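The structure under discussion appears below in the form of structure tokens.
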Amino acid sequence: MTGMLAECTTELLRLGYRIHLIARSPEGFTAQIDDSVREQLSMSACDYAQEEQLTHALRSAASPVIAVIGWIHSTAPNAWNNIHKNFPDADTLHVVGSSHHQVHNESNRERIVTLGFVVEGSGSRWLTHQEISEGVFDAFISGRAASIVGSIEPWSMKP
């Protein structure tokens, strides 16, 4: 949550959440964090596609972990299983792109937020970083099982 979701992370810190951030290069994110909330943030550098690295990073998070927000791409097919194994009782919010709008959640163990696009007149565009962060933040705070940021239909309008 250091790139497109940085504002979401920052807002959660402002609300008093303690966050353990797992990212390939989390160091750059700390420059964006206000000193007043810096103590609420811990970090692990990790390529979540590397299962051993992810397991180590997950285990380094301070307990209890009450929630996980993750935008984990298909390059790490076992990452969510690893998260659920380490944090079986956590509220999980799985962020997916618009092409995954047919995600079927058999286990009902996680909530889904789908990132779509914005239709403007006769054209369309991808969501901005701010729209993505605000949408994921809203989905997390709302507690909804499923959320869509932007539009996913008509699919023919996808940028």
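Here, A, B, ... name the chains of the structure tokens in the order displayed, residue numbers run from 1 inside each chain, and ligands are numbered from 1 in the same displayed order.
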
Determine, counting only C-alpha atoms, which protein, DNA and RNA residues have an atom within 6 Å of an atom of range 35-48 of chain A; residues of the same chain fewer than 5 positions away are not included. Present the result as number ranges by chain. A: 18-25, 53-54, 57

Only N, CA, C and O atoms, please: the residues just picked out, written as a PDB file, in the first residue's frame.
ATOM      1  N   ARG A  18      -2.791   0.906  13.662  1.00  0.00           N
ATOM      2  CA  ARG A  18      -1.390   0.510  13.635  1.00  0.00           C
ATOM      3  C   ARG A  18      -1.239  -0.361  12.396  1.00  0.00           C
ATOM      4  O   ARG A  18      -2.009  -1.298  12.208  1.00  0.00           O
ATOM      5  N   ILE A  19      -0.260  -0.061  11.567  1.00  0.00           N
ATOM      6  CA  ILE A  19      -0.125  -0.740  10.283  1.00  0.00           C
ATOM      7  C   ILE A  19       1.247  -1.370  10.163  1.00  0.00           C
ATOM      8  O   ILE A  19       2.266  -0.734  10.459  1.00  0.00           O
ATOM      9  N   HIS A  20       1.246  -2.627   9.732  1.00  0.00           N
ATOM     10  CA  HIS A  20       2.483  -3.287   9.335  1.00  0.00           C
ATOM     11  C   HIS A  20       2.435  -3.360   7.822  1.00  0.00           C
ATOM     12  O   HIS A  20       1.609  -4.071   7.248  1.00  0.00           O
ATOM     13  N   LEU A  21       3.283  -2.610   7.184  1.00  0.00           N
ATOM     14  CA  LEU A  21       3.289  -2.457   5.739  1.00  0.00           C
ATOM     15  C   LEU A  21       4.273  -3.435   5.119  1.00  0.00           C
ATOM     16  O   LEU A  21       5.434  -3.478   5.530  1.00  0.00           O
ATOM     17  N   ILE A  22       3.791  -4.219   4.183  1.00  0.00           N
ATOM     18  CA  ILE A  22       4.660  -5.149   3.464  1.00  0.00           C
ATOM     19  C   ILE A  22       4.717  -4.680   2.018  1.00  0.00           C
ATOM     20  O   ILE A  22       3.691  -4.581   1.345  1.00  0.00           O
ATOM     21  N   ALA A  23       5.917  -4.360   1.555  1.00  0.00           N
ATOM     22  CA  ALA A  23       6.095  -3.857   0.195  1.00  0.00           C
ATOM     23  C   ALA A  23       7.504  -4.179  -0.278  1.00  0.00           C
ATOM     24  O   ALA A  23       8.397  -4.414   0.539  1.00  0.00           O
ATOM     25  N   ARG A  24       7.685  -4.180  -1.603  1.00  0.00           N
ATOM     26  CA  ARG A  24       9.016  -4.435  -2.142  1.00  0.00           C
ATOM     27  C   ARG A  24      10.012  -3.389  -1.649  1.00  0.00           C
ATOM     28  O   ARG A  24      11.138  -3.699  -1.298  1.00  0.00           O
ATOM     29  N   SER A  25       9.595  -2.129  -1.641  1.00  0.00           N
ATOM     30  CA  SER A  25      10.479  -1.032  -1.215  1.00  0.00           C
ATOM     31  C   SER A  25       9.703  -0.070  -0.318  1.00  0.00           C
ATOM     32  O   SER A  25       9.337   1.021  -0.745  1.00  0.00           O
ATOM     33  N   GLN A  53       9.654 -15.324   1.836  1.00  0.00           N
ATOM     34  CA  GLN A  53       9.768 -13.918   2.235  1.00  0.00           C
ATOM     35  C   GLN A  53       8.449 -13.413   2.804  1.00  0.00           C
ATOM     36  O   GLN A  53       8.422 -12.731   3.827  1.00  0.00           O
ATOM     37  N   LEU A  54       7.353 -13.767   2.136  1.00  0.00           N
ATOM     38  CA  LEU A  54       6.046 -13.312   2.601  1.00  0.00           C
ATOM     39  C   LEU A  54       5.725 -13.902   3.970  1.00  0.00           C
ATOM     40  O   LEU A  54       5.254 -13.182   4.856  1.00  0.00           O
ATOM     41  N   ALA A  57       7.635 -12.004   6.521  1.00  0.00           N
ATOM     42  CA  ALA A  57       7.094 -10.655   6.696  1.00  0.00           C
ATOM     43  C   ALA A  57       5.781 -10.682   7.469  1.00  0.00           C
ATOM     44  O   ALA A  57       5.549  -9.844   8.346  1.00  0.00           O
TER      45      ALA A  57
END

Give me, as JSON, numbers by chain, all polymer residues having an atom no more than 6 Å from range 66-74 of chain A, counting only C-alpha atoms and skipping those fewer than 2 positions away in the same chain. {"A": [76, 77, 90, 91, 92, 93, 94, 95]}

Restrict the selected residues to N, CA and C atoms and save them as an mmCIF file, in the first residue's frame.
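The resulting file, again.cif, is shown below:
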data_model
loop_
_atom_site.group_PDB
_atom_site.id
_atom_site.type_symbol
_atom_site.label_atom_id
_atom_site.label_comp_id
_atom_site.auth_asym_id
_atom_site.auth_seq_id
_atom_site.Cartn_x
_atom_site.Cartn_y
_atom_site.Cartn_z
ATOM 1 N N ALA A 76 1.536 -14.086 -7.611
ATOM 2 C CA ALA A 76 1.684 -14.701 -6.287
ATOM 3 C C ALA A 76 0.413 -15.488 -5.963
ATOM 4 N N PRO A 77 0.199 -16.604 -6.652
ATOM 5 C CA PRO A 77 -1.067 -17.330 -6.507
ATOM 6 C C PRO A 77 -1.331 -17.888 -5.106
ATOM 7 N N ALA A 90 -8.555 -12.587 10.701
ATOM 8 C CA ALA A 90 -8.466 -11.194 10.243
ATOM 9 C C ALA A 90 -9.528 -10.884 9.201
ATOM 10 N N ASP A 91 -10.003 -9.662 9.240
ATOM 11 C CA ASP A 91 -10.869 -9.115 8.195
ATOM 12 C C ASP A 91 -9.963 -8.856 6.997
ATOM 13 N N THR A 92 -10.214 -9.518 5.881
ATOM 14 C CA THR A 92 -9.346 -9.340 4.716
ATOM 15 C C THR A 92 -10.095 -8.665 3.582
ATOM 16 N N LEU A 93 -9.441 -7.676 3.002
ATOM 17 C CA LEU A 93 -9.978 -6.947 1.860
ATOM 18 C C LEU A 93 -9.042 -7.172 0.689
ATOM 19 N N HIS A 94 -9.530 -7.896 -0.303
ATOM 20 C CA HIS A 94 -8.762 -8.273 -1.482
ATOM 21 C C HIS A 94 -9.075 -7.277 -2.589
ATOM 22 N N VAL A 95 -8.074 -6.526 -3.020
ATOM 23 C CA VAL A 95 -8.228 -5.544 -4.083
ATOM 24 C C VAL A 95 -7.908 -6.229 -5.409
#

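Nearest-residue note for Met4 in chain A: choosing from A:Ala49, A:Val113, A:Ile33, A:Val136, the minimum distance belongs to A:Val136, counting only C-alpha atoms.
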
Run DSSP on the backbone of this structure and report the residues of chain A it assigns to helix (DSSP H, G or I), as a count of residues only. 53

Between CA of Gly135 in chain A and CA of Asn78 in chain A, what distance in Å does the model show, to one decimal?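 Answer for the CA of Gly135 in chain A to CA of Asn78 in chain A separation: 25.4 Å.
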
Could you give me the residues within range 1-158 of chain A that DSSP places in strand (DSSP E or B), as a ChimeraX atom specification? /A:19-23,41-45,67-70,91-97,110-115,117-120,123-126,146-149,151

Range 130-133 of chain A: which residues within 12 Å, counting only C-alpha atoms, same-chain residues fewer than 3 positions away excluded, as a ChimeraX atom specification? /A:1-12,69,71,95-97,113-118,125-127,136-140,147-151

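Counting only C-alpha atoms and comparing A:Thr128, A:Gln50, A:Ser142, A:Ser156, the residue that lies closest to Ala79 in chain A is A:Gln50.
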
Quick check, in Å to one decimal: how far apart do CA of Val119 in chain A and CA of Ala146 in chain A lie? 20.7 Å

Could you tell me which of A:Lys158, A:Arg59, A:Arg144, A:Arg14 comes closest to Lys85 in chain A if we count only C-alpha atoms?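 Of the candidates, the smallest distance to Lys85 in chain A is held by A:Arg59.
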
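Closest to Pro154 in chain A among A:Pro88, A:Gly123, A:Pro64, A:Gly28 is A:Gly123, based on only C-alpha atoms.
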
Any idea what the distance is between CA of Phe29 in chain A and CA of Phe87 in chain A?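 Spanning CA of Phe29 in chain A to CA of Phe87 in chain A is a straight-line distance of 24.5 Å.
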